[in-house]
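Have a look at protein09.pdb below; it lists PDB, C-alpha atoms and all ligand atoms.
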```pdb
ATOM      1  CA  MET A   1      33.866  -2.711  15.618
ATOM      2  CA  THR A   2      30.260  -3.658  16.305
ATOM      3  CA  LYS A   3      29.763  -5.317  19.692
ATOM      4  CA  LEU A   4      27.738  -8.493  19.921
ATOM      5  CA  THR A   5      25.681  -7.324  22.870
ATOM      6  CA  ARG A   6      22.398  -5.672  22.056
ATOM      7  CA  PRO A   7      22.960  -1.894  22.101
ATOM      8  CA  SER A   8      20.894  -0.080  24.708
ATOM      9  CA  LEU A   9      18.839   2.362  22.720
ATOM     10  CA  SER A  10      16.113   4.910  23.314
ATOM     11  CA  PRO A  11      12.562   3.823  22.562
ATOM     12  CA  LEU A  12      11.357   4.894  19.137
ATOM     13  CA  LYS A  13       9.342   8.091  18.884
ATOM     14  CA  ALA A  14       7.363   6.852  15.876
ATOM     15  CA  ASP A  15       4.398   4.456  16.091
ATOM     16  CA  HIS A  16       4.642   3.323  12.474
ATOM     17  CA  PHE A  17       7.304   3.265   9.773
ATOM     18  CA  PHE A  18       5.803   5.289   6.944
ATOM     19  CA  SER A  19       8.775   7.082   5.376
ATOM     20  CA  ILE A  20      12.304   8.296   6.050
ATOM     21  CA  SER A  21      11.196  11.933   6.149
ATOM     22  CA  GLU A  22       8.691  11.150   8.929
ATOM     23  CA  THR A  23      11.308   9.319  11.005
ATOM     24  CA  SER A  24      13.336  11.420  13.448
ATOM     25  CA  ASP A  25      17.139  11.588  13.330
ATOM     26  CA  GLN A  26      17.286   9.765  16.640
ATOM     27  CA  ASP A  27      14.976   6.969  15.445
ATOM     28  CA  LEU A  28      17.046   6.590  12.257
ATOM     29  CA  ILE A  29      20.261   6.156  14.248
ATOM     30  CA  THR A  30      18.498   3.742  16.624
ATOM     31  CA  LEU A  31      17.285   1.613  13.691
ATOM     32  CA  LEU A  32      20.657   1.649  11.906
ATOM     33  CA  THR A  33      22.563   0.826  15.102
ATOM     34  CA  LEU A  34      20.247  -2.075  15.843
ATOM     35  CA  ALA A  35      20.575  -3.289  12.228
ATOM     36  CA  ASP A  36      24.365  -3.119  12.496
ATOM     37  CA  TYR A  37      24.140  -5.277  15.632
ATOM     38  CA  TYR A  38      21.885  -7.853  13.938
ATOM     39  CA  ALA A  39      24.171  -7.955  10.873
ATOM     40  CA  ALA A  40      27.180  -8.643  13.132
ATOM     41  CA  LEU A  41      25.247 -11.222  15.140
ATOM     42  CA  MET A  42      24.264 -13.149  12.009
ATOM     43  CA  GLN A  43      27.783 -12.860  10.636
ATOM     44  CA  SER A  44      29.203 -14.350  13.858
ATOM     45  CA  GLY A  45      26.833 -17.311  13.731
ATOM     46  CA  SER A  46      25.676 -16.605  17.318
ATOM     47  CA  ASP A  47      22.180 -17.493  18.485
ATOM     48  CA  ILE A  48      19.609 -14.834  17.686
ATOM     49  CA  PRO A  49      17.425 -13.832  20.650
ATOM     50  CA  ARG A  50      13.826 -14.714  19.868
ATOM     51  CA  VAL A  51      12.484 -11.403  21.117
ATOM     52  CA  LEU A  52       9.294 -11.664  19.054
ATOM     53  CA  THR A  53       8.058 -15.018  20.329
ATOM     54  CA  GLY A  54       4.275 -14.886  20.488
ATOM     55  CA  ARG A  55       4.009 -11.843  18.220
ATOM     56  CA  THR A  56       2.259 -12.016  14.836
ATOM     57  CA  GLN A  57       3.537 -10.440  11.620
ATOM     58  CA  VAL A  58       1.583 -10.318   8.367
ATOM     59  CA  ASN A  59       3.209  -9.443   5.014
ATOM     60  CA  VAL A  60       0.680  -8.121   2.541
ATOM     61  CA  PHE A  61       2.231  -7.176  -0.807
ATOM     62  CA  PHE A  62      -0.091  -5.797  -3.472
ATOM     63  CA  GLU A  63       2.900  -5.500  -5.837
ATOM     64  CA  ASN A  64       5.549  -8.063  -6.733
ATOM     65  CA  SER A  65       8.608  -8.390  -4.580
ATOM     66  CA  THR A  66      11.372 -10.918  -4.150
ATOM     67  CA  ARG A  67      13.961  -9.351  -1.860
ATOM     68  CA  THR A  68      11.777  -7.214   0.394
ATOM     69  CA  ASN A  69       9.027  -9.777   0.982
ATOM     70  CA  SER A  70      11.390 -12.661   1.646
ATOM     71  CA  SER A  71      13.730 -10.664   3.874
ATOM     72  CA  PHE A  72      10.860  -9.328   6.010
ATOM     73  CA  GLU A  73       9.575 -12.904   6.302
ATOM     74  CA  LEU A  74      12.984 -14.259   7.273
ATOM     75  CA  ALA A  75      13.605 -11.381   9.684
ATOM     76  CA  GLY A  76      10.372 -12.049  11.571
ATOM     77  CA  LYS A  77      11.013 -15.799  11.711
ATOM     78  CA  LYS A  78      14.587 -15.355  12.961
ATOM     79  CA  LEU A  79      13.241 -13.236  15.835
ATOM     80  CA  GLY A  80      10.633 -15.867  16.704
ATOM     81  CA  ALA A  81       7.442 -14.187  15.406
ATOM     82  CA  ASP A  82       4.580 -16.090  13.790
ATOM     83  CA  VAL A  83       4.773 -14.849  10.204
ATOM     84  CA  LEU A  84       1.938 -14.993   7.708
ATOM     85  CA  VAL A  85       2.720 -14.086   4.094
ATOM     86  CA  VAL A  86      -0.558 -13.408   2.343
ATOM     87  CA  PRO A  87      -0.527 -14.342  -1.331
ATOM     88  CA  VAL A  88      -2.426 -11.282  -2.480
ATOM     89  CA  ALA A  89      -2.866 -12.521  -6.035
ATOM     90  CA  ALA A  90      -4.887 -15.433  -4.664
ATOM     91  CA  SER A  91      -6.729 -13.468  -1.969
ATOM     92  CA  SER A  92     -10.147 -11.890  -2.165
ATOM     93  CA  VAL A  93      -8.673  -8.467  -3.048
ATOM     94  CA  HIS A  94      -9.116  -9.703  -6.585
ATOM     95  CA  LYS A  95     -12.758 -10.407  -5.906
ATOM     96  CA  GLY A  96     -13.259  -6.692  -5.318
ATOM     97  CA  GLU A  97     -12.270  -6.483  -1.652
ATOM     98  CA  ALA A  98     -10.628  -3.126  -1.054
ATOM     99  CA  LEU A  99      -7.199  -2.520   0.438
ATOM    100  CA  LEU A 100      -8.740  -1.182   3.624
ATOM    101  CA  ASP A 101     -11.022  -4.179   4.154
ATOM    102  CA  THR A 102      -8.072  -6.452   3.573
ATOM    103  CA  VAL A 103      -5.869  -4.775   6.157
ATOM    104  CA  GLN A 104      -8.703  -4.636   8.710
ATOM    105  CA  THR A 105      -9.388  -8.327   8.201
ATOM    106  CA  LEU A 106      -5.719  -9.268   8.526
ATOM    107  CA  ALA A 107      -5.171  -7.018  11.555
ATOM    108  CA  ALA A 108      -8.140  -8.643  13.272
ATOM    109  CA  LEU A 109      -6.073 -11.853  13.469
ATOM    110  CA  ASN A 110      -4.357 -10.277  16.507
ATOM    111  CA  THR A 111      -1.620  -9.008  14.250
ATOM    112  CA  ASP A 112       1.155  -6.970  15.836
ATOM    113  CA  ALA A 113       2.845  -5.783  12.633
ATOM    114  CA  MET A 114       1.641  -5.490   9.077
ATOM    115  CA  ILE A 115       4.187  -5.103   6.310
ATOM    116  CA  ILE A 116       2.548  -3.400   3.328
ATOM    117  CA  ARG A 117       3.607  -2.853  -0.272
ATOM    118  CA  HIS A 118       1.247  -1.013  -2.614
ATOM    119  CA  LYS A 119       1.502   0.893  -5.877
ATOM    120  CA  GLU A 120      -0.315   3.939  -4.528
ATOM    121  CA  ALA A 121       1.267   6.651  -2.390
ATOM    122  CA  GLY A 122      -0.478   7.065   0.963
ATOM    123  CA  SER A 123      -1.598   3.433   1.260
ATOM    124  CA  CYS A 124       0.197   2.783   4.540
ATOM    125  CA  LYS A 125      -1.316   5.858   6.165
ATOM    126  CA  ALA A 126      -4.755   4.976   4.822
ATOM    127  CA  ALA A 127      -4.299   1.476   6.238
ATOM    128  CA  SER A 128      -3.298   2.857   9.623
ATOM    129  CA  ALA A 129      -6.347   5.159   9.675
ATOM    130  CA  ALA A 130      -8.594   2.208   8.792
ATOM    131  CA  LEU A 131      -7.109   0.179  11.645
ATOM    132  CA  GLY A 132      -7.592   3.106  14.037
ATOM    133  CA  ALA A 133     -11.246   3.383  12.992
ATOM    134  CA  ALA A 134     -11.719  -0.329  13.629
ATOM    135  CA  GLY A 135     -10.093  -0.227  17.096
ATOM    136  CA  LEU A 136      -7.040  -2.118  15.836
ATOM    137  CA  SER A 137      -4.490   0.654  16.249
ATOM    138  CA  THR A 138      -1.993  -1.451  18.221
ATOM    139  CA  CYS A 139      -0.984  -3.073  14.927
ATOM    140  CA  LYS A 140       2.174  -1.382  13.613
ATOM    141  CA  ILE A 141       2.403  -0.601   9.919
ATOM    142  CA  LEU A 142       5.779  -0.922   8.193
ATOM    143  CA  ASN A 143       6.080   0.465   4.666
ATOM    144  CA  ALA A 144       7.686  -2.080   2.318
ATOM    145  CA  GLY A 145       7.549   0.141  -0.781
ATOM    146  CA  GLU A 146       4.764   2.486  -1.792
ATOM    147  CA  GLY A 147       4.164   4.463  -4.992
ATOM    148  CA  THR A 148       7.185   6.195  -6.506
ATOM    149  CA  ALA A 149       8.249   8.099  -3.370
ATOM    150  CA  ASP A 150       8.893   5.738  -0.490
ATOM    151  CA  HIS A 151      10.870   2.579   0.116
ATOM    152  CA  PRO A 152      12.303   3.464   3.514
ATOM    153  CA  SER A 153      13.667   0.050   4.544
ATOM    154  CA  GLN A 154      15.656  -0.078   1.276
ATOM    155  CA  ALA A 155      17.283   3.276   2.089
ATOM    156  CA  LEU A 156      18.223   1.992   5.558
ATOM    157  CA  LEU A 157      19.835  -1.145   4.150
ATOM    158  CA  ASP A 158      21.708   0.929   1.558
ATOM    159  CA  ALA A 159      23.048   3.212   4.302
ATOM    160  CA  LEU A 160      23.989   0.240   6.518
ATOM    161  CA  THR A 161      25.920  -1.289   3.595
ATOM    162  CA  MET A 162      27.794   1.992   3.139
ATOM    163  CA  PHE A 163      28.662   2.231   6.852
ATOM    164  CA  GLN A 164      30.015  -1.320   6.833
ATOM    165  CA  SER A 165      32.110  -0.724   3.700
ATOM    166  CA  LEU A 166      33.589   2.409   5.263
ATOM    167  CA  GLY A 167      34.223   0.736   8.627
ATOM    168  CA  ARG A 168      32.035   3.340  10.338
ATOM    169  CA  THR A 169      29.231   2.996  12.848
ATOM    170  CA  PRO A 170      25.922   4.745  12.031
ATOM    171  CA  ASP A 171      26.411   7.473  14.642
ATOM    172  CA  GLN A 172      29.603   8.516  12.814
ATOM    173  CA  GLY A 173      27.552   9.581   9.794
ATOM    174  CA  LEU A 174      28.503   9.789   6.119
ATOM    175  CA  HIS A 175      30.289  13.148   6.226
ATOM    176  CA  GLY A 176      32.771  13.588   3.369
ATOM    177  CA  ILE A 177      31.232  10.708   1.361
ATOM    178  CA  LYS A 178      30.138  11.250  -2.272
ATOM    179  CA  ILE A 179      27.291   9.133  -3.579
ATOM    180  CA  ALA A 180      26.045   9.123  -7.192
ATOM    181  CA  ILE A 181      22.638   7.589  -7.909
ATOM    182  CA  CYS A 182      22.393   6.754 -11.618
ATOM    183  CA  GLY A 183      19.634   5.784 -14.022
ATOM    184  CA  ASP A 184      15.872   6.123 -13.664
ATOM    185  CA  ILE A 185      15.690   8.440 -10.682
ATOM    186  CA  ARG A 186      12.417  10.085 -11.674
ATOM    187  CA  HIS A 187      10.334   6.921 -11.171
ATOM    188  CA  SER A 188      12.317   5.326  -8.362
ATOM    189  CA  ARG A 189      11.127   5.160  -4.772
ATOM    190  CA  VAL A 190      14.595   3.883  -3.869
ATOM    191  CA  ALA A 191      16.142   7.133  -5.131
ATOM    192  CA  SER A 192      13.496   9.158  -3.330
ATOM    193  CA  SER A 193      13.982   7.417   0.040
ATOM    194  CA  ASN A 194      17.752   7.629  -0.304
ATOM    195  CA  ALA A 195      17.459  11.334  -1.096
ATOM    196  CA  GLN A 196      15.496  11.705   2.149
ATOM    197  CA  LEU A 197      18.140   9.798   4.118
ATOM    198  CA  LEU A 198      21.700  10.140   2.815
ATOM    199  CA  PRO A 199      22.066  13.954   3.003
ATOM    200  CA  ARG A 200      20.687  13.824   6.581
ATOM    201  CA  LEU A 201      23.523  11.428   7.407
ATOM    202  CA  GLY A 202      26.006  13.973   6.001
ATOM    203  CA  ALA A 203      26.671  12.545   2.513
ATOM    204  CA  GLU A 204      26.985  14.560  -0.706
ATOM    205  CA  LEU A 205      24.382  13.130  -3.093
ATOM    206  CA  ARG A 206      24.246  13.507  -6.895
ATOM    207  CA  PHE A 207      21.669  12.364  -9.436
ATOM    208  CA  VAL A 208      22.969  11.139 -12.806
ATOM    209  CA  GLY A 209      20.895  10.145 -15.832
ATOM    210  CA  PRO A 210      19.281  11.241 -19.091
ATOM    211  CA  GLU A 211      17.090  14.317 -18.681
ATOM    212  CA  ALA A 212      13.884  12.270 -19.199
ATOM    213  CA  LEU A 213      14.744  10.095 -16.191
ATOM    214  CA  LEU A 214      15.878  12.838 -13.827
ATOM    215  CA  PRO A 215      13.315  14.317 -11.413
ATOM    216  CA  PRO A 216      12.308  17.953 -11.929
ATOM    217  CA  GLU A 217      15.011  20.257 -10.572
ATOM    218  CA  GLU A 218      12.606  21.932  -8.159
ATOM    219  CA  SER A 219      11.833  18.592  -6.441
ATOM    220  CA  TYR A 220      15.409  18.362  -5.149
ATOM    221  CA  PRO A 221      16.952  21.850  -5.321
ATOM    222  CA  GLU A 222      19.829  20.841  -3.054
ATOM    223  CA  ILE A 223      20.952  17.801  -5.103
ATOM    224  CA  ASP A 224      23.270  18.306  -8.124
ATOM    225  CA  ARG A 225      22.052  16.709 -11.372
ATOM    226  CA  TYR A 226      24.302  15.394 -14.141
ATOM    227  CA  ILE A 227      23.482  14.170 -17.639
ATOM    228  CA  SER A 228      27.050  12.966 -18.167
ATOM    229  CA  LEU A 229      27.894   9.766 -16.299
ATOM    230  CA  GLU A 230      31.574  10.622 -16.446
ATOM    231  CA  ASP A 231      31.048  13.965 -14.680
ATOM    232  CA  GLY A 232      28.432  12.686 -12.259
ATOM    233  CA  ILE A 233      30.454   9.834 -10.812
ATOM    234  CA  GLN A 234      33.744  11.771 -10.536
ATOM    235  CA  ASP A 235      35.518  10.703  -7.309
ATOM    236  CA  ALA A 236      32.370   9.083  -5.946
ATOM    237  CA  ASP A 237      32.705   6.633  -3.048
ATOM    238  CA  PHE A 238      29.489   4.811  -3.980
ATOM    239  CA  VAL A 239      27.739   4.591  -7.343
ATOM    240  CA  MET A 240      24.212   3.230  -7.200
ATOM    241  CA  ALA A 241      22.603   1.994 -10.419
ATOM    242  CA  LEU A 242      18.820   1.930 -10.742
ATOM    243  CA  ARG A 243      16.584  -0.084 -13.019
ATOM    244  CA  ILE A 244      14.565   1.723 -15.681
ATOM    245  CA  GLN A 245      11.020   1.426 -14.364
ATOM    246  CA  PHE A 246       9.434   0.542 -17.715
ATOM    247  CA  GLU A 247       6.105  -0.140 -15.979
ATOM    248  CA  ARG A 248       6.006   3.555 -14.996
ATOM    249  CA  LEU A 249       6.952   4.831 -18.471
ATOM    250  CA  PRO A 250       3.671   4.569 -20.392
ATOM    251  CA  ASP A 251       5.237   5.888 -23.638
ATOM    252  CA  GLY A 252       8.438   3.916 -23.265
ATOM    253  CA  LEU A 253      11.898   5.433 -23.410
ATOM    254  CA  ALA A 254      13.204   7.342 -26.428
ATOM    255  CA  LEU A 255      16.454   5.334 -26.182
ATOM    256  CA  SER A 256      16.641   1.616 -26.886
ATOM    257  CA  LYS A 257      18.020  -0.556 -24.069
ATOM    258  CA  GLU A 258      21.243  -0.957 -26.092
ATOM    259  CA  ASP A 259      21.620   2.806 -26.558
ATOM    260  CA  PHE A 260      20.914   3.374 -22.875
ATOM    261  CA  PHE A 261      23.666   0.925 -21.958
ATOM    262  CA  GLN A 262      26.095   2.641 -24.364
ATOM    263  CA  ALA A 263      25.421   6.082 -22.905
ATOM    264  CA  HIS A 264      24.543   5.438 -19.254
ATOM    265  CA  GLY A 265      25.296   1.807 -18.368
ATOM    266  CA  LEU A 266      27.864   1.140 -15.644
ATOM    267  CA  THR A 267      30.874  -0.951 -16.632
ATOM    268  CA  HIS A 268      34.388  -1.365 -15.260
ATOM    269  CA  GLU A 269      35.694   1.012 -17.954
ATOM    270  CA  ARG A 270      33.101   3.682 -17.296
ATOM    271  CA  LEU A 271      33.919   3.669 -13.583
ATOM    272  CA  ALA A 272      37.378   5.088 -14.358
ATOM    273  CA  PRO A 273      36.510   8.571 -12.974
ATOM    274  CA  ALA A 274      35.602   6.902  -9.650
ATOM    275  CA  PRO A 275      38.476   4.454  -9.146
ATOM    276  CA  LYS A 276      37.626   3.683  -5.500
ATOM    277  CA  ALA A 277      33.851   3.508  -5.871
ATOM    278  CA  PHE A 278      31.777   0.563  -4.772
ATOM    279  CA  VAL A 279      28.787  -0.226  -6.947
ATOM    280  CA  MET A 280      25.303  -0.811  -5.547
ATOM    281  CA  HIS A 281      21.917  -1.770  -6.998
ATOM    282  CA  PRO A 282      18.621  -2.379  -5.151
ATOM    283  CA  GLY A 283      17.517  -5.055  -7.632
ATOM    284  CA  PRO A 284      16.024  -6.392  -9.726
ATOM    285  CA  MET A 285      18.977  -5.753 -12.075
ATOM    286  CA  ASN A 286      18.823  -5.575 -15.824
ATOM    287  CA  ARG A 287      22.278  -6.741 -16.834
ATOM    288  CA  GLY A 288      23.430  -5.044 -20.005
ATOM    289  CA  VAL A 289      21.011  -2.122 -19.522
ATOM    290  CA  GLU A 290      21.928  -0.107 -16.401
ATOM    291  CA  ILE A 291      24.914  -2.268 -15.365
ATOM    292  CA  SER A 292      27.157  -4.856 -16.985
ATOM    293  CA  GLY A 293      26.964  -8.412 -15.684
ATOM    294  CA  ALA A 294      30.742  -8.412 -15.142
ATOM    295  CA  LEU A 295      30.578  -5.375 -12.837
ATOM    296  CA  ALA A 296      27.505  -6.591 -10.956
ATOM    297  CA  ASP A 297      29.298  -9.889 -10.258
ATOM    298  CA  ASP A 298      32.700  -8.397  -9.346
ATOM    299  CA  PRO A 299      33.172  -9.041  -5.622
ATOM    300  CA  GLN A 300      35.852  -6.316  -5.409
ATOM    301  CA  ARG A 301      33.514  -3.590  -6.624
ATOM    302  CA  SER A 302      29.936  -4.762  -6.213
ATOM    303  CA  LEU A 303      27.978  -4.620  -2.958
ATOM    304  CA  VAL A 304      24.780  -5.979  -4.496
ATOM    305  CA  LEU A 305      24.643  -9.227  -2.524
ATOM    306  CA  LYS A 306      25.780  -7.456   0.645
ATOM    307  CA  GLN A 307      22.736  -5.201   0.224
ATOM    308  CA  VAL A 308      20.482  -8.258   0.018
ATOM    309  CA  GLN A 309      22.095  -9.718   3.140
ATOM    310  CA  ASN A 310      21.724  -6.438   5.017
ATOM    311  CA  GLY A 311      18.058  -6.370   4.054
ATOM    312  CA  VAL A 312      17.432  -9.087   6.639
ATOM    313  CA  ALA A 313      19.343  -7.247   9.389
ATOM    314  CA  VAL A 314      17.523  -3.969   8.707
ATOM    315  CA  ARG A 315      14.135  -5.643   8.760
ATOM    316  CA  MET A 316      15.016  -7.463  11.996
ATOM    317  CA  ALA A 317      15.882  -4.073  13.493
ATOM    318  CA  LEU A 318      12.572  -2.599  12.320
ATOM    319  CA  LEU A 319      10.516  -5.471  13.720
ATOM    320  CA  ASP A 320      12.454  -5.514  16.978
ATOM    321  CA  ALA A 321      12.314  -1.750  17.504
ATOM    322  CA  PHE A 322       8.638  -1.395  16.606
ATOM    323  CA  LEU A 323       7.399  -4.607  18.298
ATOM    324  CA  HIS A 324       9.736  -5.722  21.031
ATOM    325  CA  VAL A 325       7.717  -5.731  24.246
ATOM    326  CA  GLY A 326       9.136  -3.267  26.748
ATOM    327  CA  HIS A 327      11.555  -1.661  24.304
ATOM    328  CA  ASN A 328       8.993   0.627  22.772
ATOM    329  CA  SER A 329       7.145   1.620  25.918
ATOM    330  CA  PRO A 330       7.803   5.035  27.452
TER     331      PRO A 330
HETATM  332  N1  LIG A 401      12.900  -3.307  -5.630
HETATM  333  C1  LIG A 401      12.869  -1.863  -5.725
HETATM  334  C2  LIG A 401      11.470  -1.327  -5.524
HETATM  335  O1  LIG A 401      10.600  -2.007  -5.046
HETATM  336  C3  LIG A 401      13.536  -1.358  -6.936
HETATM  337  C4  LIG A 401      12.920  -1.701  -8.266
HETATM  338  O2  LIG A 401      11.864  -2.335  -8.362
HETATM  339  O3  LIG A 401      13.527  -1.281  -9.255
HETATM  340  O4  LIG A 401      11.224  -0.172  -5.805
END
```
Please express the file's structure as structure tokens.
Amino acid sequence: MTKLTRPSLSPLKADHFFSISETSDQDLITLLTLADYYAALMQSGSDIPRVLTGRTQVNVFFENSTRTNSSFELAGKKLGADVLVVPVAASSVHKGEALLDTVQTLAALNTDAMIIRHKEAGSCKAASAALGAAGLSTCKILNAGEGTADHPSQALLDALTMFQSLGRTPDQGLHGIKIAICGDIRHSRVASSNAQLLPRLGAELRFVGPEALLPPEESYPEIDRYISLEDGIQDADFVMALRIQFERLPDGLALSKEDFFQAHGLTHERLAPAPKAFVMHPGPMNRGVEISGALADDPQRSLVLKQVQNGVAVRMALLDAFLHVGHNSP
């Protein structure tokens, strides 16, 4: 049972939130424990302490986002921060202003945290270096999805959702839990961040999908790969479906969407080898491609909306832990 008093936690070791692999085990447990507390607090309807009153958060998304952008915005507002969501499409980035000029300009507004999404790997680190060079290094950078390798806050909210479904607290880990990630793993930063996180928490992870959408074997030598959905999801506790990232498949997919659904789409019937499994999806979902609408909407099996809800709690934990005055000081 999660207690409704704020857990007393060690200060974070990290200055910025770049990726799961660059976050220590202790920081991961701190963030997940704090997120579990915020999820319980919101669930109870209790007042949320406005620990970020007077702090400024700027969301700057150079790629589209619905869930991540809005949940970071809501998280900051619930904690009392002043939150600025910059409509990048309308900003001067499109008049030729570079990413680094943009982040320097926005950080110069006395910004305490900048939430960045960008299509290129390394953007958050480049932004942090640019802020350092401009004497603005007190501004924390939180990665909200970058390139095809990192979406660390998504992995945290996926793990939190699993802990809640299992009735475990984050420090109890995911030992003995089988998780199958299915679909377009090769182009998915969600799969990559989860592969950095879930085995560290003790879970057994499997990748399932057509060969063309699986990552090269040498990228993840320790993770079993399956072409057959039936074999890959056998006895799984959680089955996560991923969207085919058509925007990252310049030559398209050899299979039509209908054929993909026939061979690899998740349905109630196809979940038979995993009778107890919960189904997850980071969104946006393509119903009738990687998952059937009936399964996605089944409250007994689907955790999709729970994941969205937990997105707010995880992002509150990130903002609190990285920004809360006093909490992060040595
Ligand atoms: N929303 C996730 C992302 O930003 C997943 C997706 O787009 O398929 O990567």
Selection near Leu303 in chain A, 8 Å with all atoms listed in the file, sequence-local residues under 6 positions removed, as a JSON list (two decimals) with C-alpha atoms, in the frame of the given file:
```json
[["chain", "number", "residue", "atom", "x", "y", "z"],
["A", 161, "THR", "CA", 25.92, -1.29, 3.60],
["A", 278, "PHE", "CA", 31.78, 0.56, -4.77],
["A", 279, "VAL", "CA", 28.79, -0.23, -6.95],
["A", 280, "MET", "CA", 25.30, -0.81, -5.55],
["A", 281, "HIS", "CA", 21.92, -1.77, -7.00]]
```
Could you expand the PyMOL selection byres (((not hetatm)) within 7 of (chain A and resi 401)) into the explicit residues it covers here, written as a list in words? Ser65, Gly145, His151, Ser188, Arg189, Val190, Leu242, Arg243, Gln245, Pro282, Gly283 and Pro284 of chain A
Where does the PyMOL selection byres (((chain A and resi 218-227) around 8) and not hetatm) land in this file, that is, which residues does it pick, as a ChimeraX atom specification? /A:205-211,214-217,228-229,231-232
Do you know which residues are at most 9 Å from Ile179 in chain A counting all atoms listed in the file, after dropping those on the same chain fewer than 5 positions away, and could you put them as an MDAnalysis selection string? chainID A and resid 198 203:207 233 236:240 277
Check what the PyMOL selection byres (((chain A and resi 146) around 12) and not hetatm) selects in the file above and give those residues as a PyMOL selection string. chain A and resi 17-19+61-65+115-126+142-145+147-154+187-190+192-193
How would the residues just picked look written out with C-alpha atoms as a PDB file, in the frame of the given file?
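part_23.pdb written:
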```pdb
ATOM      1  CA  PHE A  17       7.304   3.265   9.773  1.00  0.00           C
ATOM      2  CA  PHE A  18       5.803   5.289   6.944  1.00  0.00           C
ATOM      3  CA  SER A  19       8.775   7.082   5.376  1.00  0.00           C
ATOM      4  CA  PHE A  61       2.231  -7.176  -0.807  1.00  0.00           C
ATOM      5  CA  PHE A  62      -0.091  -5.797  -3.472  1.00  0.00           C
ATOM      6  CA  GLU A  63       2.900  -5.500  -5.837  1.00  0.00           C
ATOM      7  CA  ASN A  64       5.549  -8.063  -6.733  1.00  0.00           C
ATOM      8  CA  SER A  65       8.608  -8.390  -4.580  1.00  0.00           C
ATOM      9  CA  ILE A 115       4.187  -5.103   6.310  1.00  0.00           C
ATOM     10  CA  ILE A 116       2.548  -3.400   3.328  1.00  0.00           C
ATOM     11  CA  ARG A 117       3.607  -2.853  -0.272  1.00  0.00           C
ATOM     12  CA  HIS A 118       1.247  -1.013  -2.614  1.00  0.00           C
ATOM     13  CA  LYS A 119       1.502   0.893  -5.877  1.00  0.00           C
ATOM     14  CA  GLU A 120      -0.315   3.939  -4.528  1.00  0.00           C
ATOM     15  CA  ALA A 121       1.267   6.651  -2.390  1.00  0.00           C
ATOM     16  CA  GLY A 122      -0.478   7.065   0.963  1.00  0.00           C
ATOM     17  CA  SER A 123      -1.598   3.433   1.260  1.00  0.00           C
ATOM     18  CA  CYS A 124       0.197   2.783   4.540  1.00  0.00           C
ATOM     19  CA  LYS A 125      -1.316   5.858   6.165  1.00  0.00           C
ATOM     20  CA  ALA A 126      -4.755   4.976   4.822  1.00  0.00           C
ATOM     21  CA  LEU A 142       5.779  -0.922   8.193  1.00  0.00           C
ATOM     22  CA  ASN A 143       6.080   0.465   4.666  1.00  0.00           C
ATOM     23  CA  ALA A 144       7.686  -2.080   2.318  1.00  0.00           C
ATOM     24  CA  GLY A 145       7.549   0.141  -0.781  1.00  0.00           C
ATOM     25  CA  GLY A 147       4.164   4.463  -4.992  1.00  0.00           C
ATOM     26  CA  THR A 148       7.185   6.195  -6.506  1.00  0.00           C
ATOM     27  CA  ALA A 149       8.249   8.099  -3.370  1.00  0.00           C
ATOM     28  CA  ASP A 150       8.893   5.738  -0.490  1.00  0.00           C
ATOM     29  CA  HIS A 151      10.870   2.579   0.116  1.00  0.00           C
ATOM     30  CA  PRO A 152      12.303   3.464   3.514  1.00  0.00           C
ATOM     31  CA  SER A 153      13.667   0.050   4.544  1.00  0.00           C
ATOM     32  CA  GLN A 154      15.656  -0.078   1.276  1.00  0.00           C
ATOM     33  CA  HIS A 187      10.334   6.921 -11.171  1.00  0.00           C
ATOM     34  CA  SER A 188      12.317   5.326  -8.362  1.00  0.00           C
ATOM     35  CA  ARG A 189      11.127   5.160  -4.772  1.00  0.00           C
ATOM     36  CA  VAL A 190      14.595   3.883  -3.869  1.00  0.00           C
ATOM     37  CA  SER A 192      13.496   9.158  -3.330  1.00  0.00           C
ATOM     38  CA  SER A 193      13.982   7.417   0.040  1.00  0.00           C
TER      39      SER A 193
END
```
Residues within 6 Å of range 311-321 of chain A, please, as a ChimeraX atom specification. Count all atoms listed in the file; anything in the same chain fewer than 3 positions from it doesn't count. /A:31,34-35,38-39,71-72,75,157,308,324
One-decimal distance in Å that lies between CA of Leu166 in chain A and CA of Arg200 in chain A: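 Going from CA of Arg200 in chain A over to CA of Leu166 in chain A, I get 17.3 Å.
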6 Å per side around range 250-258 of chain A: axis-aligned box centre and edge lengths, as JSON:
```
{"center_x": 12.5, "center_y": 3.2, "center_z": -23.6, "size_x": 29.6, "size_y": 20.3, "size_z": 18.5}
```
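Using only C-alpha atoms, the nearest neighbour of Gly76 in chain A within the list A:Ala98, A:Ala263, A:Leu28, A:Ile48 is A:Ile48.
Compared by their closest atoms to Glu230 in chain A, and using only C-alpha atoms, the residues A:Thr267, A:Ser256, A:Gln104, A:Thr56 rank with A:Thr267 nearest.
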Nearest residue to Ser137 in chain A out of A:Met162, A:Thr68, A:Arg301, A:Val103, using all atoms listed in the file?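 The shortest atom-to-atom distance to Ser137 in chain A comes from A:Val103.
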Å distance separating CA of Pro11 in chain A from CA of Leu197 in chain A, one decimal place: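 Interatomic distance, CA of Pro11 in chain A to CA of Leu197 in chain A: 20.2 Å.
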Go through A:Ala159, A:Ile244, A:Ser165, A:Pro250 and flag the residue nearest Gln300 in chain A, using all atoms listed in the file for the distances.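 Comparing A:Ala159, A:Ile244, A:Ser165, A:Pro250 against Gln300 in chain A, the winner is A:Ser165.
Straight-line separation from CA of Ser302 in chain A to CA of Ile177 in chain A: 17.3 Å.
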If you keep C-alpha atoms, can you output range 66-71 of chain A as a compact mmCIF listing (two decimals), in the first residue's frame?
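See selection36.txt below for the written result:
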```
# COMPACT_ATOMS: atom_id res chain seq x y z
CA THR A 66 -0.23 14.69 -27.36
CA ARG A 67 0.29 12.62 -24.22
CA THR A 68 3.82 13.62 -23.24
CA ASN A 69 3.45 17.36 -23.83
CA SER A 70 0.09 17.65 -22.09
CA SER A 71 1.07 15.48 -19.13
```
